[in-house]
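*Asks:* Structure file entry13.cif (mmCIF, C-alpha atoms) right here:
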```
data_model
loop_
_atom_site.label_atom_id
_atom_site.label_comp_id
_atom_site.auth_asym_id
_atom_site.auth_seq_id
_atom_site.Cartn_x
_atom_site.Cartn_y
_atom_site.Cartn_z
CA MET P 1 -17.80 13.18 -2.04
CA GLU P 2 -20.02 16.17 -1.82
CA GLY P 3 -22.44 17.11 0.90
CA SER P 4 -26.13 16.89 0.08
CA GLY P 5 -27.33 20.33 1.05
CA ALA P 6 -25.73 23.07 3.09
CA GLY P 7 -24.64 21.11 6.13
CA LYS P 8 -27.82 19.05 6.37
CA GLY P 9 -28.78 15.46 5.65
CA ARG P 10 -26.27 12.77 4.70
CA VAL P 11 -23.27 12.90 2.42
CA ALA P 12 -22.96 10.90 -0.78
CA ALA P 13 -20.18 8.35 -0.95
CA ALA P 14 -17.85 8.55 -3.93
CA PRO P 15 -17.78 5.63 -6.38
CA VAL P 16 -14.60 4.27 -4.85
CA GLY P 17 -15.60 4.86 -1.27
CA GLY P 18 -13.30 7.79 -0.48
CA GLY P 19 -14.16 10.42 2.14
CA TYR P 20 -16.52 13.32 2.01
CA GLU P 21 -16.47 17.06 2.16
CA GLY P 22 -18.61 18.20 5.03
CA ALA P 23 -19.55 21.74 5.91
CA GLY P 24 -16.53 23.64 7.18
CA GLU P 25 -14.22 20.67 6.74
CA ARG P 26 -10.64 21.59 5.98
CA LYS P 27 -9.39 20.83 2.48
CA TRP P 28 -5.69 19.94 2.47
CA TRP P 29 -3.30 20.87 -0.31
CA PRO P 30 -1.77 17.57 -1.55
CA TRP P 31 2.01 17.78 -1.67
CA LEU P 32 3.16 14.51 -0.10
CA VAL P 33 1.81 12.17 -2.80
CA PRO P 34 3.42 14.16 -5.67
CA THR P 35 6.67 14.21 -3.67
CA VAL P 36 6.57 10.42 -3.22
CA ILE P 37 5.97 10.00 -6.97
CA VAL P 38 8.93 12.24 -7.82
CA ALA P 39 11.10 10.38 -5.29
CA CYS P 40 10.22 6.97 -6.77
CA ILE P 41 11.00 8.22 -10.28
CA ALA P 42 14.33 9.62 -9.08
CA VAL P 43 15.21 6.32 -7.37
CA PHE P 44 14.42 4.43 -10.59
CA VAL P 45 16.76 6.72 -12.52
CA VAL P 46 19.48 5.92 -9.97
CA GLU P 47 18.70 2.20 -10.36
CA MET P 48 19.33 2.40 -14.08
CA TRP P 49 22.49 4.47 -13.57
CA VAL P 50 23.88 1.84 -11.18
CA ASN P 51 22.72 -1.00 -13.44
CA ASP P 52 24.65 0.24 -16.52
CA CYS P 53 23.56 -2.59 -18.85
CA PRO P 54 26.13 -1.89 -21.63
CA LYS P 55 28.95 -2.29 -19.12
CA HIS P 56 27.71 -5.20 -17.02
CA GLY P 57 25.68 -7.08 -19.63
CA SER P 58 23.27 -9.89 -18.78
CA ALA P 59 23.83 -13.30 -17.22
CA LEU P 60 21.34 -14.70 -19.75
CA GLY P 61 23.02 -13.10 -22.74
CA GLY P 62 21.39 -10.85 -25.30
CA GLY P 63 21.64 -7.16 -26.00
CA CYS P 64 20.36 -4.30 -23.88
CA VAL P 65 16.92 -2.91 -24.70
CA ALA P 66 16.74 0.72 -25.89
CA GLY P 67 20.50 0.88 -26.35
CA PHE P 68 20.29 4.52 -27.43
CA LEU P 69 19.77 5.32 -23.75
CA ARG P 70 23.33 4.10 -23.22
CA ARG P 71 23.95 3.69 -19.49
CA PHE P 72 20.23 3.92 -18.79
CA SER P 73 19.27 1.14 -21.24
CA PHE P 74 17.28 -1.84 -19.91
CA GLN P 75 18.24 -5.46 -19.35
CA PRO P 76 17.24 -7.95 -22.09
CA LEU P 77 13.51 -8.72 -22.06
CA ARG P 78 14.03 -12.39 -21.23
CA GLU P 79 15.81 -11.31 -18.06
CA ASN P 80 13.49 -8.46 -17.12
CA PRO P 81 10.28 -8.11 -19.18
CA LEU P 82 9.28 -5.02 -17.17
CA LEU P 83 12.01 -2.86 -18.79
CA GLY P 84 14.30 -2.40 -15.85
CA PRO P 85 17.57 -3.36 -14.14
CA SER P 86 18.94 -6.75 -13.16
CA SER P 87 18.05 -8.49 -9.91
CA THR P 88 21.67 -7.97 -8.85
CA THR P 89 21.25 -4.22 -9.12
CA LEU P 90 17.98 -4.32 -7.19
CA GLY P 91 19.73 -6.30 -4.48
CA LYS P 92 22.47 -3.68 -4.23
CA MET P 93 19.88 -0.89 -4.05
CA GLY P 94 17.95 -2.43 -1.14
CA ALA P 95 15.49 -5.01 -2.47
CA LEU P 96 13.73 -7.16 0.12
CA ASP P 97 15.89 -10.24 0.65
CA TRP P 98 14.91 -12.56 3.52
CA ASN P 99 18.42 -13.89 4.04
CA LYS P 100 19.94 -10.41 4.32
CA VAL P 101 17.14 -9.13 6.56
CA VAL P 102 17.29 -12.06 9.00
CA HIS P 103 20.89 -13.29 8.92
CA GLN P 104 22.75 -10.12 7.97
CA HIS P 105 20.68 -7.78 10.16
CA GLN P 106 19.61 -5.55 7.27
CA GLY P 107 16.13 -4.77 8.55
CA TRP P 108 16.21 -1.46 6.68
CA ARG P 109 15.37 -3.43 3.53
CA LEU P 110 11.80 -3.76 4.82
CA ILE P 111 11.46 -0.03 4.08
CA SER P 112 13.94 0.55 1.25
CA CYS P 113 12.25 -1.98 -1.04
CA ILE P 114 9.10 0.18 -1.07
CA TRP P 115 10.95 2.85 -3.04
CA LEU P 116 12.40 0.52 -5.67
CA HIS P 117 10.70 -0.75 -8.83
CA ALA P 118 11.55 -3.72 -11.03
CA GLY P 119 11.06 -1.83 -14.29
CA LEU P 120 9.58 1.11 -16.13
CA ILE P 121 6.22 -0.65 -16.57
CA HIS P 122 6.13 -1.52 -12.86
CA LEU P 123 6.92 2.10 -11.98
CA LEU P 124 4.28 3.60 -14.29
CA VAL P 125 1.49 1.32 -13.06
CA ASN P 126 2.26 1.99 -9.40
CA MET P 127 2.70 5.74 -9.76
CA LEU P 128 -0.51 6.17 -11.77
CA SER P 129 -2.33 4.16 -9.10
CA LEU P 130 -0.81 6.30 -6.35
CA LEU P 131 -1.82 9.47 -8.19
CA PHE P 132 -5.39 8.23 -8.60
CA ILE P 133 -5.82 6.97 -5.03
CA GLY P 134 -3.46 9.11 -2.98
CA ILE P 135 -4.22 12.66 -4.10
CA ARG P 136 -7.86 12.54 -3.05
CA LEU P 137 -7.07 10.87 0.28
CA GLU P 138 -4.41 13.47 1.08
CA GLN P 139 -6.81 16.28 0.21
CA GLN P 140 -9.32 14.93 2.70
CA PHE P 141 -7.14 13.69 5.55
CA GLY P 142 -3.84 15.53 5.24
CA PHE P 143 -0.27 14.42 4.68
CA VAL P 144 0.43 13.15 8.22
CA ARG P 145 -2.27 10.50 8.32
CA ILE P 146 -1.96 9.43 4.68
CA GLY P 147 1.83 9.40 4.91
CA ALA P 148 1.65 7.19 8.02
CA ILE P 149 -0.76 4.78 6.31
CA TYR P 150 1.41 4.63 3.18
CA LEU P 151 4.66 3.88 5.01
CA LEU P 152 3.25 1.51 7.64
CA SER P 153 1.26 -0.40 5.02
CA GLY P 154 4.35 -0.75 2.85
CA PHE P 155 6.26 -1.97 5.90
CA GLY P 156 3.49 -4.44 6.76
CA GLY P 157 3.51 -5.77 3.20
CA SER P 158 7.29 -6.25 3.35
CA VAL P 159 7.07 -8.16 6.64
CA LEU P 160 4.42 -10.58 5.37
CA SER P 161 6.28 -11.01 2.10
CA ALA P 162 9.51 -11.88 3.91
CA LEU P 163 7.69 -14.34 6.18
CA PHE P 164 6.25 -16.35 3.31
CA LEU P 165 8.60 -15.92 0.36
CA GLN P 166 11.72 -16.55 2.44
CA ASN P 167 14.94 -16.87 0.40
CA ASN P 168 13.33 -17.90 -2.88
CA TYR P 169 12.86 -14.38 -4.23
CA ILE P 170 13.69 -10.73 -3.85
CA SER P 171 10.85 -8.22 -3.78
CA VAL P 172 10.53 -4.53 -4.66
CA GLY P 173 7.76 -2.03 -5.26
CA ALA P 174 5.19 0.26 -3.66
CA SER P 175 2.31 -2.17 -4.22
CA GLY P 176 1.97 -3.03 -0.53
CA ALA P 177 1.69 0.65 0.36
CA LEU P 178 -0.87 1.19 -2.42
CA PHE P 179 -2.96 -1.74 -1.21
CA GLY P 180 -2.77 -0.15 2.23
CA LEU P 181 -4.38 3.00 0.87
CA LEU P 182 -7.12 0.85 -0.71
CA GLY P 183 -7.63 -0.91 2.62
CA SER P 184 -7.86 2.40 4.46
CA MET P 185 -10.52 3.59 2.00
CA LEU P 186 -12.61 0.54 2.84
CA SER P 187 -12.23 0.90 6.61
CA GLU P 188 -12.89 4.66 6.39
CA LEU P 189 -16.20 3.89 4.72
CA LEU P 190 -17.10 1.33 7.40
CA MET P 191 -15.85 3.52 10.27
CA ASN P 192 -17.97 6.48 9.14
CA TRP P 193 -20.86 4.36 7.88
CA THR P 194 -23.67 6.51 9.28
CA ILE P 195 -22.69 9.72 7.49
CA TYR P 196 -22.91 8.30 3.96
CA SER P 197 -25.94 7.83 1.75
CA ASN P 198 -25.03 5.67 -1.29
CA LYS P 199 -22.63 3.57 0.78
CA VAL P 200 -23.73 0.18 -0.57
CA ALA P 201 -22.81 1.13 -4.14
CA ALA P 202 -19.52 2.60 -2.92
CA ILE P 203 -18.51 -0.47 -0.94
CA ILE P 204 -19.43 -2.86 -3.78
CA THR P 205 -17.34 -0.83 -6.21
CA LEU P 206 -14.39 -0.66 -3.83
CA LEU P 207 -14.53 -4.39 -3.08
CA PHE P 208 -14.64 -5.13 -6.80
CA ILE P 209 -11.47 -3.09 -7.35
CA ILE P 210 -9.73 -4.84 -4.44
CA VAL P 211 -10.73 -8.36 -5.58
CA ILE P 212 -9.54 -7.71 -9.15
CA ASN P 213 -6.17 -6.47 -7.93
CA VAL P 214 -5.69 -9.38 -5.55
CA ALA P 215 -6.65 -11.80 -8.34
CA ILE P 216 -3.99 -10.28 -10.59
CA GLY P 217 -1.52 -10.91 -7.79
CA ILE P 218 -1.80 -14.70 -8.14
CA LEU P 219 0.01 -14.48 -11.48
CA PRO P 220 3.75 -15.31 -11.57
CA HIS P 221 6.27 -12.57 -10.71
CA ALA P 222 3.74 -10.63 -8.57
CA ASP P 223 4.27 -10.50 -4.80
CA ASN P 224 0.73 -11.00 -3.54
CA PHE P 225 1.89 -11.42 0.05
CA ALA P 226 3.07 -7.80 -0.04
CA HIS P 227 -0.35 -6.82 -1.43
CA ILE P 228 -2.23 -8.74 1.28
CA GLY P 229 0.03 -7.57 4.11
CA GLY P 230 -0.22 -3.96 2.97
CA PHE P 231 -3.99 -4.21 2.63
CA ILE P 232 -4.47 -5.65 6.13
CA ALA P 233 -2.21 -3.00 7.69
CA GLY P 234 -3.96 -0.18 5.79
CA PHE P 235 -7.40 -1.57 6.62
CA LEU P 236 -6.63 -1.52 10.36
CA LEU P 237 -4.88 1.86 10.17
CA GLY P 238 -7.96 3.35 8.51
CA PHE P 239 -10.02 2.57 11.61
CA VAL P 240 -7.34 4.13 13.81
CA LEU P 241 -6.57 7.28 11.79
CA LEU P 242 -9.55 8.12 9.59
CA ALA P 243 -12.51 8.40 11.96
CA ARG P 244 -14.80 11.37 11.32
CA PRO P 245 -16.98 13.19 13.89
CA GLN P 246 -20.72 12.64 13.84
CA PHE P 247 -22.44 14.53 11.04
CA GLY P 248 -23.07 18.12 12.10
CA TRP P 249 -20.95 17.84 15.27
CA MET P 250 -18.71 20.76 14.30
CA GLU P 251 -21.69 23.01 13.75
CA ARG P 252 -23.28 22.06 17.08
CA SER P 253 -20.01 22.49 18.96
CA GLU P 254 -19.98 26.16 18.02
CA LEU P 255 -23.36 26.75 19.66
CA PRO P 256 -23.57 27.87 23.31
CA HIS P 257 -25.20 24.61 24.44
CA THR P 258 -23.65 22.43 27.10
CA ASN P 259 -25.72 19.32 26.37
CA GLN P 260 -23.75 18.19 23.35
CA PRO P 261 -23.58 14.62 22.03
CA PRO P 262 -20.16 12.90 21.94
CA LYS P 263 -17.89 13.71 19.03
CA TYR P 264 -17.78 10.08 17.90
CA LYS P 265 -20.35 7.32 18.05
CA ALA P 266 -19.85 4.34 20.38
CA TYR P 267 -19.18 1.89 17.53
CA GLN P 268 -16.37 4.15 16.27
CA TYR P 269 -14.61 3.95 19.63
CA VAL P 270 -15.00 0.15 19.65
CA LEU P 271 -13.60 -0.19 16.12
CA TRP P 272 -10.72 2.15 17.01
CA VAL P 273 -9.68 0.08 20.04
CA VAL P 274 -10.06 -3.30 18.31
CA ALA P 275 -8.11 -2.16 15.23
CA LEU P 276 -5.29 -0.65 17.31
CA VAL P 277 -4.91 -3.83 19.38
CA LEU P 278 -4.93 -6.06 16.29
CA LEU P 279 -2.41 -3.78 14.58
CA LEU P 280 0.04 -3.81 17.51
CA VAL P 281 -0.30 -7.55 18.10
CA GLY P 282 0.00 -8.33 14.39
CA PHE P 283 3.14 -6.25 13.87
CA THR P 284 4.76 -7.58 17.05
CA LEU P 285 4.11 -11.26 16.30
CA SER P 286 5.11 -10.92 12.65
CA LEU P 287 8.40 -9.20 13.45
CA VAL P 288 9.25 -11.71 16.18
CA MET P 289 8.57 -14.60 13.79
CA LEU P 290 10.56 -12.94 11.01
CA PHE P 291 13.72 -12.26 13.00
CA LYS P 292 13.58 -15.73 14.55
CA GLY P 293 13.77 -17.09 11.01
CA LYS P 294 10.31 -18.67 11.07
CA ASN P 295 8.69 -19.69 7.78
CA GLY P 296 5.06 -18.66 7.50
CA ASN P 297 4.36 -21.59 5.19
CA ASP P 298 5.10 -24.07 8.01
CA GLY P 299 1.89 -23.11 9.77
CA CYS P 300 -0.15 -22.61 6.60
CA HIS P 301 0.48 -25.23 3.94
CA TRP P 302 -1.98 -23.71 1.45
CA CYS P 303 -0.94 -20.06 1.82
CA HIS P 304 1.49 -20.27 -1.11
CA TYR P 305 -1.56 -20.40 -3.39
CA LEU P 306 -2.37 -16.84 -2.30
CA ASN P 307 0.79 -15.71 -4.06
CA CYS P 308 0.67 -17.81 -7.23
CA VAL P 309 -1.63 -20.50 -8.59
CA PRO P 310 0.17 -22.86 -11.04
CA THR P 311 -1.59 -23.68 -14.30
CA SER P 312 -0.74 -25.36 -17.60
CA LYS P 313 0.29 -21.92 -18.89
CA TRP P 314 2.85 -21.02 -16.21
CA LYS P 315 4.81 -22.32 -13.24
CA CYS P 316 5.16 -20.63 -9.87
CA ASP P 317 8.80 -21.51 -9.16
CA THR P 318 10.29 -19.20 -11.78
#
```
Is it possible to express this structure as C-alpha cells?
*Replies:*
Amino acid sequence: MEGSGAGKGRVAAAPVGGGYEGAGERKWWPWLVPTVIVACIAVFVVEMWVNDCPKHGSALGGGCVAGFLRRFSFQPLRENPLLGPSSTTLGKMGALDWNKVVHQHQGWRLISCIWLHAGLIHLLVNMLSLLFIGIRLEQQFGFVRIGAIYLLSGFGGSVLSALFLQNNYISVGASGALFGLLGSMLSELLMNWTIYSNKVAAIITLLFIIVINVAIGILPHADNFAHIGGFIAGFLLGFVLLARPQFGWMERSELPHTNQPPKYKAYQYVLWVVALVLLLVGFTLSLVMLFKGKNGNDGCHWCHYLNCVPTSKWKCDT
C-alpha cells in the first residue's frame, strides 16, 4: 500500500489487505521467501531421487510418467495424478503420519511434512502462492516475523491435521503455512484498522480469496484440516507480531515534546493479549490431545465434512 500524501492522512489498503508503506518505514529486502522456495524445490528433487520409479515401480502397475527423466520420472498417474513420488517415498522422507508421530515418537514429522510436496503440480501451485503472498509481507515486516508466522502456521496445520485425519492418511505440503500467511494478512488489517482508508474493499477481497481456497479444500485428496489449522494459527500470530504504531507516531516521537500519545492504541493491546492467550492455550491443548492419542472427530462428529464433502462424483475415503 502507498501512503496518501507525505506522511499525512490515512493509507490506502492494498487489494489483498497487505500492509502499508508509511513515512520513514523501513523496507526490508526479501531473502527468506526465495530461500524457502529454493529449499522446497531442492527437497522435491531429493524426493524424486529417492523414489526412483524405474527401479521400484508401482504397486498399482503401469509405467513411469516422463520416463526420459530416468530416475527422476514420476509414478503412474493412477497412483499419483500430481506428478510425483509414491506415498512410500513420502513416508520415508518425513510425511505427516499420525501413527508414527504418536506411537513411534516421531514428532519431527509435524515440521518435516511442511517441506515435502506430493507432486510437481502441488509444488508449483504452493510455490507460486508463496511468491505472490510472501514477498510483499517480508518486504513490509521482515524475515523474522514472517518466518515465525510461516513455520508456526505450518506446525499448527500439521497438529490439527494429525488430530482429525488420524491413521487414515499421510499428509505433506506447505499449504498450512501459506494459509497462515493469508490469516496474518487478515488480522494485520484488523489490528491496524484505523490507519487504512479503503479497508472495506480490502477485507472483502481477502475474505473472498480465503473462502475460495477453503472451498477447494473440501475436494478429495486435499488436507483442509491443515489449511484451517494453519489459517487459525496465522490469524492469531498476525495480531501478536504485525501490530503497527499509530499513524504519524514515528514523526511525533522525533519532536521535543514530552506529552506524546501511546505508541499503540488501546484496542491493539487488547487484541495482542487475547490472541497470545488463545495461541498458547490452543497449541498446548492440541499437542496434549495429539500425544495422548485423542481423535478430534470424537468430540466433533460433523468436522470431517470440513475436510471432504462426499458427492455422487467422488468419495471421501479414497
*Asks:* Could you state which residues are captured by the PyMOL selection byres ((chain P and resi 177) around 7) in this file, as a PDB file with C-alpha atoms, in the coordinates of the input?
*Replies:*
```
ATOM      1  CA  TYR P 150       1.410   4.630   3.180  1.00  0.00           C
ATOM      2  CA  LEU P 151       4.660   3.880   5.010  1.00  0.00           C
ATOM      3  CA  SER P 153       1.260  -0.400   5.020  1.00  0.00           C
ATOM      4  CA  GLY P 154       4.350  -0.750   2.850  1.00  0.00           C
ATOM      5  CA  ALA P 174       5.190   0.260  -3.660  1.00  0.00           C
ATOM      6  CA  SER P 175       2.310  -2.170  -4.220  1.00  0.00           C
ATOM      7  CA  GLY P 176       1.970  -3.030  -0.530  1.00  0.00           C
ATOM      8  CA  LEU P 178      -0.870   1.190  -2.420  1.00  0.00           C
ATOM      9  CA  PHE P 179      -2.960  -1.740  -1.210  1.00  0.00           C
ATOM     10  CA  GLY P 180      -2.770  -0.150   2.230  1.00  0.00           C
ATOM     11  CA  LEU P 181      -4.380   3.000   0.870  1.00  0.00           C
ATOM     12  CA  GLY P 230      -0.220  -3.960   2.970  1.00  0.00           C
TER      13      GLY P 230
END
```
*Asks:* Looking at P:Ser161, P:Ser184, P:Ser112, P:Thr205, which one is nearest to P:Arg145, with distances taken over all atoms listed in the file?
*Replies:*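 That would be P:Ser184, the residue with the smallest distance to P:Arg145.
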*Asks:* Return the single residue from P:Gly157, P:Gly299, P:Pro262, P:Gly238 that is closest to P:Leu287, with distances computed using all atoms listed in the file.
*Replies:*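 Closest to P:Leu287, using all atoms listed in the file: P:Gly157.
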*Asks:* Tell me which of P:Asn99, P:Gln106, P:Thr194, P:Ser187 sits closest to P:Ala162, counting all atoms listed in the file.
*Replies:*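 Smallest distance to P:Ala162 is found for P:Asn99.
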*Asks:* Take atom CA of P:Leu290 and atom CA of P:Leu236 and report the distance between them in Å, one decimal.
*Replies:*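 These two atoms are separated by 20.6 Å.
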*Asks:* When distances are computed from all atoms listed in the file, which of P:Val211, P:Leu152, P:Ala66, P:Met191 shows the smallest separation from P:Pro245?
*Replies:* P:Met191
*Asks:* How many Å separate atom CA of P:Ile111 from atom CA of P:Gly183?
*Replies:*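 Rounded to one decimal, the two atoms are 19.2 Å apart.
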